[in-house]
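Shown next, in structure tokens, is the structure this report addresses.
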Amino acid sequence: MPNLLDNFLTRREMFRVGATSVGAYTFSPLLQTQARAAQPSKPRNSARFVIWVMLDGGASHLDTWDLKQGPWTPPDFDVRELQPGLKWPMGLFPQLAKQLPRTALVRSLEAWDSVHGRAQYYVQSAHSLNPALHKEIPSVGSVVAMEWQQRRRPTDSLPSYVALNVTQNQAGLLKSGFLPALHSPFHIQTQTSLSAYAVENADEKAEFQRRWALLKDFDARLRNDSSLQAKAYRDYNDHYESAVRLLVDPRTAPLFRLAAEEKTRYGSTPLGDACLIARNLVEADSGTHFIFLQHNGWDHHSDIYQRKNIYKQCAELDPALSNLLEDLATRKRPDGRSLLEETLVISAGEFGRTPGVITAGLKGRDHYQYAFSGLFAGGGVKGGQIIGKTNEDGSKVIDPGWGAKRSIYMEDIATTIYSAMGIDWRKKITGTPSGRDFYYIEPFAAQKMIVSREIEPLFG
Amino acid sequence: MLTANASSNWYNGPASYVARWVVIGLTCEDTVHEDTSDELAISSVKHFMGVDLSCVSCHDGANHLEKINLYLASRKREELWKTAAFFGGTRVLRRVEVDTSRDEYSIDDEGPGYDASARTVVRVPRNGKGKLEPAFVFNGETPSPTKPLRSEFARILTSHPQFDRSTVNMFWAEMMGVGIVDPPLEFDLLRQDPTKPPPAPWTLQPSNPELLDALAADFRSHNHDLRHLFRTIAKSSAYQLSSRFPGEWKDGYAKYFARRFVRRLTAEQLHDSLVFATNLQTKIPIRGTNINVNYATELRSPEDLKQPFPGARDLYFFLDSFGQTNREYSERTNEGDVTQAVLLLNSPFVRNQVRAVPGSFLHSLLSTPSSAEQRIDKLFYRFLLRAPTPEERRLSLAVIASGEAKAYEDLQWLLVNKVEFLFHY
């Protein structure tokens, strides 16, 4: 029998991939993963950062990035045909219109599920929700964090995977599954006091350093008490060490210091603040590589065309996403490359919404899995293009717009993320707690005979 | 809970057990009947019997679960459907006419029965044929035709010996930190009987089958009295052991529960300990009532924390980060991560809790004439329920040498961040 104590407290960490151990956010032994096939994939390696702006609840594709005009379309959507095949709701996205040369709109997305929990699980994990396995499946962000562990520099202090404003509304935030807690997302909630994340001024710094030094004396005995054999204590030591490193790193506090002018420019909303912090995290380059941020409130079953619904959502998204793209594109590294060149930005929800006229009773749009849209930019993505096409009412993909000649699924998006981040997506991990091999990307998507692939045309 | 009906679960609490398992499909009023019946069957068998049927809700166990659970490998999807058919008459409708955003449901017995060919929005397609009559998955027992289906289901559950075994095991796990069968909701019914051991390489699942049987028999003979069960475990010498083991510990001792197992406090326990120790309370309103509570363990639902009240967001985030479940999509976890360490070290919530503001325990302690040693003792008892060791007393005296309130705040911060404040040991 394994050590029950360890088993209960940190079941996840019982699992060992190679010779890794839970450690502080420094160099730790490379996780040994096995390539699944004789033929490893050829990652594109075009990005160092990923930012996922999740439109939680499922944005209506036909009212936004795949606009379908009809008697339902409110006049103040101010629909303009910016170029042949590109109708744009200028009334909703005036700023984003200017970013279109930098972005690729993908209109041939399809989801496997049409209920929130399952579909959002897919967004985060690129796997189907399986009750036997869901506890051990890591999120895409955790896999990226694990893969990037080997590339961490001694100066890196921030966790590889950061989640902004992710609440437990639906799928919650998937953690690192069977991977060490080290690869769990680090939470930031912009609507809580951001002072938690940084030790700001000299007084605070002095107080913090004094207390931390005292704690080490105070608690050394128990934390090192071998008669307790409390692995969880030791793990907390590691978590504390990591926390202190990021709290005292002088690069951390400025990440959360949101200047009034910038806040306003990004919209002064939780989403705007989150995008601003995401920009700062990329610019600081102090350890974070995968940023998942959530924009709540796209589940417009009722009164979709009222001010408080789609207008409000778009008014929040437009300045936040546009200024994120603008800043990433205009800020440069010393070598002259822009931040956007090394950052893959993706924005999409978990599915689309029912096309055609709105529902008679509630005046909204319900869940729709057979067609929706996403926005991609940066990290090698060629801007100014539209991939895929839906039919007249947006209910069906009629031109997938890529070599696979089928709709694009979450597995394909995850494959694209792995590829851009230089990760061999054909890898699998054996010896999981369930005994089932974990494939980064399942060989056949949703157990159908669909082989996932990178969305090549994104990259021109 | 299993038999409750309500015109609204907002006004009849027990009906919320049924309401919370409802499956919503494409629209917000689209309650998917057979999916909901499946969820009710899965969750009630899981919570009351410790057996997780979710795998066989999509496919037969054969060719899937042989390496995971012998019993489930022998079960068929149709048996899950027939168990779910006990809820075929249960109708759950969302009260969208009241409010589309709140989870308000009516529950009655006007359901159409269980159709094994009905659509599903959460599983692989239901490939059965037509209406199914209820039969319980463990033993095929069918309901009396003259009695309500759900009360028959409740009767069948509670008369089965697995109900006793699962319940005592769950209490044992809660109190001891680890179950006799662990995890407590993953029983394998073919690996329980010491007289019929499973084929190699399988082993018996309970670490101590005799103990589990004895507790279960005692629980039944005391008419399923939970107080009696609680008392029996609490009075046992196993429960009262120290977490320190004299001599060399071997993993094989674990099944004898030869020492106490260390575990982290739950999110709510941690919050409540902080509130109790410092005596600084946040008034948390209970949704839909005019009641306010001080402790997270008094909340009716995590949803209470989503209301606007001073400190709500910080509190919600704190509890969420320490693994509070939302009782819907997320499961409770006691695992650690860096977010938790940051919150304990530096969150405004913790920093405010340790302040010597009027109303706090510390403020009253400092307002009363007393020696430094006495104050240190009182704080240790308050936070850790024990006196300081001589070394801790020496260190504490150094911390509060200035005698200023700020120094005592430092000491309180240290007590909160001592690993034993976070752990039950």
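Every chain in the structure tokens has a letter given in the order shown (A, B, ...), and although residue numbers restart at 1 in each chain, ligands are simply numbered from 1 in the order shown.
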Polymer residues at most 10 Å from Pro355 (chain A), only C-alpha atoms, same-chain spacing of 2 or more positions, as a CSV table (one decimal) with N, CA and C atoms, in the first residue's frame:
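The file below, selection_12.csv, is the result:
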chain,number,residue,atom,x,y,z
A,60,SER,N,-22.4,35.5,-29.5
A,60,SER,CA,-23.2,35.3,-30.7
A,60,SER,C,-22.3,35.6,-31.9
A,61,HIS,N,-21.9,34.6,-32.7
A,61,HIS,CA,-21.0,34.8,-33.8
A,61,HIS,C,-21.7,35.7,-34.8
A,62,LEU,N,-23.0,35.5,-35.0
A,62,LEU,CA,-23.7,36.2,-36.1
A,62,LEU,C,-24.0,37.6,-35.8
A,63,ASP,N,-23.7,38.0,-34.5
A,63,ASP,CA,-23.9,39.4,-34.2
A,63,ASP,C,-22.5,40.1,-34.0
A,68,LYS,N,-24.3,38.4,-39.5
A,68,LYS,CA,-25.4,38.1,-40.5
A,68,LYS,C,-26.5,39.1,-40.3
A,352,GLY,N,-21.2,29.0,-30.3
A,352,GLY,CA,-21.9,30.2,-30.8
A,352,GLY,C,-23.3,30.2,-30.3
A,353,ARG,N,-24.1,31.0,-31.0
A,353,ARG,CA,-25.5,31.1,-30.6
A,353,ARG,C,-26.5,30.9,-31.7
A,357,VAL,N,-33.9,34.5,-36.5
A,357,VAL,CA,-34.6,35.4,-35.6
A,357,VAL,C,-34.4,35.0,-34.1
A,358,ILE,N,-34.5,36.0,-33.3
A,358,ILE,CA,-34.3,35.7,-31.8
A,358,ILE,C,-35.5,35.0,-31.3
A,359,THR,N,-35.4,34.3,-30.2
A,359,THR,CA,-36.5,33.5,-29.6
A,359,THR,C,-37.7,34.4,-29.3
A,365,ARG,N,-30.8,34.5,-27.8
A,365,ARG,CA,-30.3,33.4,-28.6
A,365,ARG,C,-29.7,32.3,-27.7
A,366,ASP,N,-30.0,31.0,-28.1
A,366,ASP,CA,-29.6,29.9,-27.3
A,366,ASP,C,-28.2,29.4,-27.7
A,367,HIS,N,-27.8,28.3,-27.1
A,367,HIS,CA,-26.5,27.7,-27.4
A,367,HIS,C,-26.5,27.1,-28.8
A,368,TYR,N,-25.4,27.3,-29.5
A,368,TYR,CA,-25.3,26.7,-30.8
A,368,TYR,C,-23.9,26.2,-31.1
A,371,ALA,N,-21.5,26.2,-35.5
A,371,ALA,CA,-20.7,27.2,-36.2
A,371,ALA,C,-20.5,28.3,-35.2
A,392,GLU,N,-25.7,31.5,-45.3
A,392,GLU,CA,-26.3,32.8,-45.3
A,392,GLU,C,-26.7,33.2,-43.9
A,393,ASP,N,-27.2,32.3,-43.1
A,393,ASP,CA,-27.7,32.7,-41.7
A,393,ASP,C,-26.7,32.3,-40.6
A,394,GLY,N,-25.6,31.8,-41.0
A,394,GLY,CA,-24.6,31.5,-40.0
A,394,GLY,C,-24.8,30.2,-39.2
A,395,SER,N,-25.6,29.3,-39.8
A,395,SER,CA,-26.0,28.1,-39.1
A,395,SER,C,-25.1,26.9,-39.4
A,396,LYS,N,-24.3,27.1,-40.5
A,396,LYS,CA,-23.5,26.0,-41.0
A,396,LYS,C,-22.2,26.4,-41.6
Non-local contacts of His424 (chain B) (12 Å; only C-alpha atoms; under 4 positions in same chain excluded) as a PyMOL selection string:
(chain A and resi 9+228+230+232-233) or (chain B and resi 174-177+242-243+260-266+269-270+273+334+384-385+418-420)
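Counting only C-alpha atoms and comparing B:Arg165, B:Pro145, B:Pro285, B:Ala258, the residue that lies closest to Leu189 (chain B) is B:Arg165.
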Please identify the strand (DSSP E or B) residues within region 129-370 of chain A (assignment by DSSP from backbone atoms) and present them as a ChimeraX atom specification.
/A:161-164,186-188,290-295,332,338,343-349,352-353,367-368
Based on the selection just made, write C-alpha atoms of those residues as an mmCIF file, in the first residue's frame.
data_model
loop_
_atom_site.group_PDB
_atom_site.id
_atom_site.type_symbol
_atom_site.label_atom_id
_atom_site.label_comp_id
_atom_site.auth_asym_id
_atom_site.auth_seq_id
_atom_site.Cartn_x
_atom_site.Cartn_y
_atom_site.Cartn_z
ATOM 1 C CA TYR A 161 0.503 29.888 -16.064
ATOM 2 C CA VAL A 162 -1.598 32.826 -14.913
ATOM 3 C CA ALA A 163 -5.397 32.928 -14.860
ATOM 4 C CA LEU A 164 -7.114 36.287 -14.724
ATOM 5 C CA PHE A 186 -1.744 31.353 -10.534
ATOM 6 C CA HIS A 187 -4.945 33.277 -9.863
ATOM 7 C CA ILE A 188 -5.401 36.969 -10.232
ATOM 8 C CA PHE A 290 0.331 31.232 -20.684
ATOM 9 C CA ILE A 291 -2.375 33.705 -19.703
ATOM 10 C CA PHE A 292 -6.001 32.666 -19.624
ATOM 11 C CA LEU A 293 -8.473 35.433 -18.983
ATOM 12 C CA GLN A 294 -12.179 35.256 -18.766
ATOM 13 C CA HIS A 295 -14.835 37.732 -19.798
ATOM 14 C CA LYS A 332 9.243 46.461 -28.939
ATOM 15 C CA SER A 338 7.201 43.654 -31.204
ATOM 16 C CA THR A 343 2.443 36.494 -28.431
ATOM 17 C CA LEU A 344 -0.378 34.371 -29.801
ATOM 18 C CA VAL A 345 -3.646 36.085 -28.865
ATOM 19 C CA ILE A 346 -6.863 34.087 -29.170
ATOM 20 C CA SER A 347 -10.369 35.217 -28.386
ATOM 21 C CA ALA A 348 -13.431 32.991 -28.631
ATOM 22 C CA GLY A 349 -16.201 31.553 -26.528
ATOM 23 C CA GLY A 352 -21.894 30.173 -30.846
ATOM 24 C CA ARG A 353 -25.540 31.115 -30.566
ATOM 25 C CA HIS A 367 -26.473 27.704 -27.398
ATOM 26 C CA TYR A 368 -25.277 26.690 -30.841
#
Using only C-alpha atoms, determine which residues lie at most 12 Å from region 363-367 of chain B, disregarding the query and same-chain residues fewer than 2 positions distant; provide the list as a PyMOL selection string.
chain B and resi 278-280+353-361+369-372+374-379+382+400+403-409+412
Kindly export the residues of the current selection with C-alpha atoms, as a PDB file, in the first residue's frame.
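Result file is again_19.pdb:
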ATOM      1  CA  THR B 278      -9.017  37.454  15.661  1.00  0.00           C
ATOM      2  CA  ASN B 279     -12.668  38.044  16.518  1.00  0.00           C
ATOM      3  CA  LEU B 280     -12.943  40.264  13.432  1.00  0.00           C
ATOM      4  CA  GLN B 353      -7.523  40.295  10.120  1.00  0.00           C
ATOM      5  CA  VAL B 354      -4.304  40.557  12.131  1.00  0.00           C
ATOM      6  CA  ARG B 355      -4.702  44.263  12.919  1.00  0.00           C
ATOM      7  CA  ALA B 356      -5.218  45.476  16.462  1.00  0.00           C
ATOM      8  CA  VAL B 357      -8.356  47.408  15.605  1.00  0.00           C
ATOM      9  CA  PRO B 358     -11.185  48.008  18.115  1.00  0.00           C
ATOM     10  CA  GLY B 359     -13.325  44.924  18.437  1.00  0.00           C
ATOM     11  CA  SER B 360     -10.485  42.553  17.692  1.00  0.00           C
ATOM     12  CA  PHE B 361      -9.252  40.016  20.194  1.00  0.00           C
ATOM     13  CA  PRO B 369      -3.031  45.015  31.851  1.00  0.00           C
ATOM     14  CA  SER B 370      -1.036  41.858  31.500  1.00  0.00           C
ATOM     15  CA  SER B 371       2.522  40.617  31.167  1.00  0.00           C
ATOM     16  CA  ALA B 372       4.076  39.993  27.779  1.00  0.00           C
ATOM     17  CA  GLN B 374       0.676  36.051  29.459  1.00  0.00           C
ATOM     18  CA  ARG B 375      -0.291  37.798  26.266  1.00  0.00           C
ATOM     19  CA  ILE B 376       1.848  35.441  24.222  1.00  0.00           C
ATOM     20  CA  ASP B 377       0.255  32.454  25.917  1.00  0.00           C
ATOM     21  CA  LYS B 378      -3.213  33.819  25.253  1.00  0.00           C
ATOM     22  CA  LEU B 379      -2.463  34.395  21.578  1.00  0.00           C
ATOM     23  CA  ARG B 382      -6.330  31.554  20.665  1.00  0.00           C
ATOM     24  CA  ILE B 400       6.960  41.929  20.717  1.00  0.00           C
ATOM     25  CA  GLY B 403       5.483  46.425  23.138  1.00  0.00           C
ATOM     26  CA  GLU B 404       3.804  48.258  20.259  1.00  0.00           C
ATOM     27  CA  ALA B 405       0.565  47.078  18.739  1.00  0.00           C
ATOM     28  CA  LYS B 406       2.381  46.697  15.438  1.00  0.00           C
ATOM     29  CA  ALA B 407       4.719  44.151  16.980  1.00  0.00           C
ATOM     30  CA  TYR B 408       1.757  42.139  18.230  1.00  0.00           C
ATOM     31  CA  GLU B 409       0.297  42.305  14.731  1.00  0.00           C
ATOM     32  CA  GLN B 412      -0.474  37.361  14.872  1.00  0.00           C
TER      33      GLN B 412
END
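Candidate residues A:Ile304, A:Ala253, A:Leu173, A:Leu158 were compared for distance to Gly323 (chain B), and the nearest is A:Leu173, using only C-alpha atoms.
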Write out as a compact mmCIF listing (two decimals) with N, CA and C atoms, in the first residue's frame all residues of region 75-275 of chain B that backbone DSSP assigns to helix (DSSP H, G or I).
# COMPACT_ATOMS: atom_id res chain seq x y z
N ARG B 77 -24.79 -0.29 -19.14
CA ARG B 77 -25.40 1.03 -19.21
C ARG B 77 -26.90 0.95 -18.95
N GLU B 78 -27.50 -0.14 -19.43
CA GLU B 78 -28.95 -0.26 -19.23
C GLU B 78 -29.32 -0.34 -17.75
N GLU B 79 -28.42 -0.90 -16.94
CA GLU B 79 -28.71 -0.97 -15.50
C GLU B 79 -28.71 0.43 -14.87
N LEU B 80 -27.85 1.30 -15.40
CA LEU B 80 -27.87 2.69 -14.93
C LEU B 80 -29.18 3.34 -15.34
N TRP B 81 -29.60 3.09 -16.58
CA TRP B 81 -30.86 3.66 -17.05
C TRP B 81 -32.03 3.22 -16.15
N LYS B 82 -32.03 1.92 -15.82
CA LYS B 82 -33.15 1.42 -15.00
C LYS B 82 -33.10 2.03 -13.60
N THR B 83 -31.91 2.29 -13.11
CA THR B 83 -31.80 2.98 -11.82
C THR B 83 -32.30 4.41 -11.97
N ALA B 84 -31.92 5.03 -13.08
CA ALA B 84 -32.39 6.40 -13.34
C ALA B 84 -33.90 6.44 -13.52
N ALA B 85 -34.49 5.30 -13.94
CA ALA B 85 -35.94 5.26 -14.16
C ALA B 85 -36.71 5.49 -12.86
N PHE B 86 -36.05 5.32 -11.70
CA PHE B 86 -36.70 5.69 -10.43
C PHE B 86 -37.00 7.20 -10.42
N PHE B 87 -36.28 7.95 -11.25
CA PHE B 87 -36.51 9.40 -11.34
C PHE B 87 -37.24 9.76 -12.63
N LEU B 149 -42.30 6.43 -6.57
CA LEU B 149 -41.01 5.89 -7.03
C LEU B 149 -39.84 6.36 -6.19
N ARG B 150 -39.79 7.65 -5.89
CA ARG B 150 -38.61 8.15 -5.19
C ARG B 150 -38.54 7.66 -3.75
N SER B 151 -39.68 7.50 -3.11
CA SER B 151 -39.60 6.99 -1.74
C SER B 151 -39.22 5.51 -1.77
N GLU B 152 -39.63 4.81 -2.83
CA GLU B 152 -39.18 3.43 -2.98
C GLU B 152 -37.67 3.38 -3.20
N PHE B 153 -37.17 4.30 -3.99
CA PHE B 153 -35.73 4.37 -4.24
C PHE B 153 -34.99 4.61 -2.92
N ALA B 154 -35.50 5.55 -2.14
CA ALA B 154 -34.88 5.86 -0.84
C ALA B 154 -34.91 4.63 0.07
N ARG B 155 -36.02 3.91 0.03
CA ARG B 155 -36.12 2.70 0.87
C ARG B 155 -35.09 1.65 0.43
N ILE B 156 -34.99 1.45 -0.87
CA ILE B 156 -34.05 0.44 -1.39
C ILE B 156 -32.60 0.83 -1.04
N LEU B 157 -32.29 2.10 -1.19
CA LEU B 157 -30.94 2.57 -0.85
C LEU B 157 -30.61 2.28 0.61
N THR B 158 -31.49 2.74 1.48
CA THR B 158 -31.15 2.69 2.91
C THR B 158 -31.26 1.30 3.49
N SER B 159 -31.95 0.38 2.80
CA SER B 159 -32.01 -0.97 3.35
C SER B 159 -30.84 -1.83 2.86
N PRO B 161 -26.98 -2.99 2.63
CA PRO B 161 -25.84 -2.88 3.56
C PRO B 161 -24.77 -1.89 3.10
N GLN B 162 -24.67 -1.66 1.80
CA GLN B 162 -23.65 -0.71 1.32
C GLN B 162 -23.93 0.70 1.83
N PHE B 163 -25.18 1.00 2.11
CA PHE B 163 -25.51 2.32 2.66
C PHE B 163 -24.81 2.51 4.01
N ASP B 164 -24.82 1.48 4.83
CA ASP B 164 -24.15 1.56 6.14
C ASP B 164 -22.64 1.71 5.95
N ARG B 165 -22.11 0.87 5.06
CA ARG B 165 -20.66 0.86 4.88
C ARG B 165 -20.16 2.19 4.33
N SER B 166 -20.89 2.71 3.34
CA SER B 166 -20.46 3.96 2.73
C SER B 166 -20.55 5.12 3.72
N THR B 167 -21.64 5.14 4.49
CA THR B 167 -21.83 6.27 5.42
C THR B 167 -20.77 6.27 6.52
N VAL B 168 -20.52 5.11 7.11
CA VAL B 168 -19.52 5.09 8.19
C VAL B 168 -18.13 5.42 7.62
N ASN B 169 -17.88 4.94 6.41
CA ASN B 169 -16.58 5.22 5.80
C ASN B 169 -16.40 6.71 5.52
N MET B 170 -17.49 7.35 5.08
CA MET B 170 -17.41 8.78 4.78
C MET B 170 -17.14 9.57 6.06
N PHE B 171 -17.82 9.19 7.15
CA PHE B 171 -17.57 9.86 8.43
C PHE B 171 -16.15 9.61 8.90
N TRP B 172 -15.72 8.38 8.76
CA TRP B 172 -14.35 8.04 9.17
C TRP B 172 -13.35 8.89 8.39
N ALA B 173 -13.57 8.99 7.09
CA ALA B 173 -12.63 9.76 6.25
C ALA B 173 -12.64 11.22 6.65
N GLU B 174 -13.80 11.75 6.92
CA GLU B 174 -13.91 13.15 7.30
C GLU B 174 -13.16 13.41 8.61
N MET B 175 -13.30 12.49 9.55
CA MET B 175 -12.71 12.71 10.87
C MET B 175 -11.25 12.30 10.93
N MET B 176 -10.87 11.27 10.19
CA MET B 176 -9.51 10.74 10.30
C MET B 176 -8.58 11.26 9.21
N LEU B 189 -17.34 -2.77 -5.29
CA LEU B 189 -18.11 -3.72 -4.48
C LEU B 189 -17.63 -5.16 -4.61
N LEU B 190 -16.78 -5.45 -5.58
CA LEU B 190 -16.25 -6.81 -5.68
C LEU B 190 -14.93 -6.98 -4.94
N ARG B 191 -14.54 -5.96 -4.21
CA ARG B 191 -13.27 -6.06 -3.48
C ARG B 191 -13.47 -5.73 -2.01
N PRO B 209 -10.90 -4.29 6.53
CA PRO B 209 -12.29 -4.71 6.28
C PRO B 209 -13.08 -5.01 7.55
N GLU B 210 -12.40 -5.59 8.55
CA GLU B 210 -13.11 -5.94 9.80
C GLU B 210 -13.63 -4.68 10.49
N LEU B 211 -12.80 -3.65 10.48
CA LEU B 211 -13.19 -2.39 11.11
C LEU B 211 -14.40 -1.79 10.39
N LEU B 212 -14.35 -1.80 9.06
CA LEU B 212 -15.46 -1.23 8.29
C LEU B 212 -16.74 -2.01 8.55
N ASP B 213 -16.65 -3.34 8.56
CA ASP B 213 -17.84 -4.16 8.82
C ASP B 213 -18.40 -3.89 10.21
N ALA B 214 -17.50 -3.81 11.19
CA ALA B 214 -17.96 -3.62 12.56
C ALA B 214 -18.65 -2.27 12.73
N LEU B 215 -18.06 -1.24 12.15
CA LEU B 215 -18.67 0.09 12.24
C LEU B 215 -20.03 0.11 11.54
N ALA B 216 -20.09 -0.55 10.38
CA ALA B 216 -21.34 -0.56 9.61
C ALA B 216 -22.43 -1.29 10.39
N ALA B 217 -22.09 -2.42 10.99
CA ALA B 217 -23.08 -3.18 11.75
C ALA B 217 -23.55 -2.38 12.95
N ASP B 218 -22.63 -1.72 13.60
CA ASP B 218 -22.97 -0.91 14.77
C ASP B 218 -23.90 0.25 14.38
N PHE B 219 -23.61 0.86 13.23
CA PHE B 219 -24.40 1.99 12.72
C PHE B 219 -25.84 1.54 12.46
N ARG B 220 -25.99 0.36 11.82
CA ARG B 220 -27.33 -0.14 11.52
C ARG B 220 -28.07 -0.50 12.80
N SER B 221 -27.34 -1.15 13.72
CA SER B 221 -28.02 -1.60 14.93
C SER B 221 -28.41 -0.40 15.81
N LEU B 226 -26.51 9.13 13.48
CA LEU B 226 -25.23 9.77 13.12
C LEU B 226 -24.47 10.26 14.34
N ARG B 227 -25.22 10.71 15.36
CA ARG B 227 -24.55 11.14 16.59
C ARG B 227 -23.80 9.99 17.24
N HIS B 228 -24.45 8.84 17.20
CA HIS B 228 -23.80 7.67 17.78
C HIS B 228 -22.53 7.34 16.99
N LEU B 229 -22.63 7.41 15.69
CA LEU B 229 -21.47 7.11 14.84
C LEU B 229 -20.32 8.09 15.12
N PHE B 230 -20.69 9.35 15.17
CA PHE B 230 -19.72 10.41 15.42
C PHE B 230 -19.02 10.17 16.76
N ARG B 231 -19.83 9.84 17.76
CA ARG B 231 -19.31 9.62 19.11
C ARG B 231 -18.39 8.40 19.13
N THR B 232 -18.80 7.35 18.45
CA THR B 232 -18.00 6.12 18.45
C THR B 232 -16.61 6.39 17.88
N ILE B 233 -16.58 7.11 16.75
CA ILE B 233 -15.27 7.38 16.14
C ILE B 233 -14.45 8.32 17.02
N ALA B 234 -15.10 9.36 17.52
CA ALA B 234 -14.37 10.35 18.32
C ALA B 234 -13.79 9.72 19.58
N LYS B 235 -14.50 8.73 20.14
CA LYS B 235 -14.03 8.12 21.38
C LYS B 235 -12.99 7.02 21.15
N ASP B 251 5.16 2.55 6.05
CA ASP B 251 3.92 2.77 5.30
C ASP B 251 2.85 1.73 5.65
N GLY B 252 3.30 0.52 5.92
CA GLY B 252 2.36 -0.55 6.22
C GLY B 252 1.54 -0.29 7.48
N TYR B 253 1.99 0.62 8.32
CA TYR B 253 1.24 0.92 9.55
C TYR B 253 -0.02 1.74 9.24
N ALA B 254 -0.01 2.35 8.06
CA ALA B 254 -1.08 3.30 7.77
C ALA B 254 -2.45 2.66 7.88
N LYS B 255 -2.56 1.40 7.43
CA LYS B 255 -3.88 0.79 7.43
C LYS B 255 -4.40 0.52 8.84
N TYR B 256 -3.49 0.55 9.82
CA TYR B 256 -3.93 0.39 11.21
C TYR B 256 -4.25 1.75 11.84
N ALA B 267 -11.24 25.20 3.08
CA ALA B 267 -11.30 26.65 2.87
C ALA B 267 -12.14 27.32 3.95
N GLU B 268 -13.30 26.75 4.22
CA GLU B 268 -14.21 27.37 5.19
C GLU B 268 -13.63 27.30 6.60
N GLN B 269 -13.03 26.15 6.93
CA GLN B 269 -12.44 26.01 8.27
C GLN B 269 -11.32 27.04 8.47
N LEU B 270 -10.54 27.22 7.43
CA LEU B 270 -9.43 28.16 7.53
C LEU B 270 -9.95 29.58 7.74
N HIS B 271 -10.91 29.96 6.93
CA HIS B 271 -11.51 31.28 7.08
C HIS B 271 -12.09 31.46 8.48
N ASP B 272 -12.83 30.46 8.91
CA ASP B 272 -13.51 30.57 10.20
C ASP B 272 -12.51 30.60 11.36
N SER B 273 -11.41 29.86 11.20
CA SER B 273 -10.38 29.91 12.24
C SER B 273 -9.78 31.31 12.35
N LEU B 274 -9.57 31.90 11.19
CA LEU B 274 -9.02 33.27 11.17
C LEU B 274 -9.99 34.25 11.82
N VAL B 275 -11.26 34.08 11.51
CA VAL B 275 -12.27 34.98 12.06
C VAL B 275 -12.40 34.76 13.56
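With only C-alpha atoms as the atoms that count, the minimum distance from chain B to the choices A:Leu339, A:Ala446, A:Val282, A:Ala329 is reached by A:Ala446.
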Any idea what's packed within 9 Å of Glu186 (chain B), counting only C-alpha atoms, ignoring anything in its chain fewer than 6 positions away? Could you give it as a ChimeraX atom specification?
/B:46,50-52,69
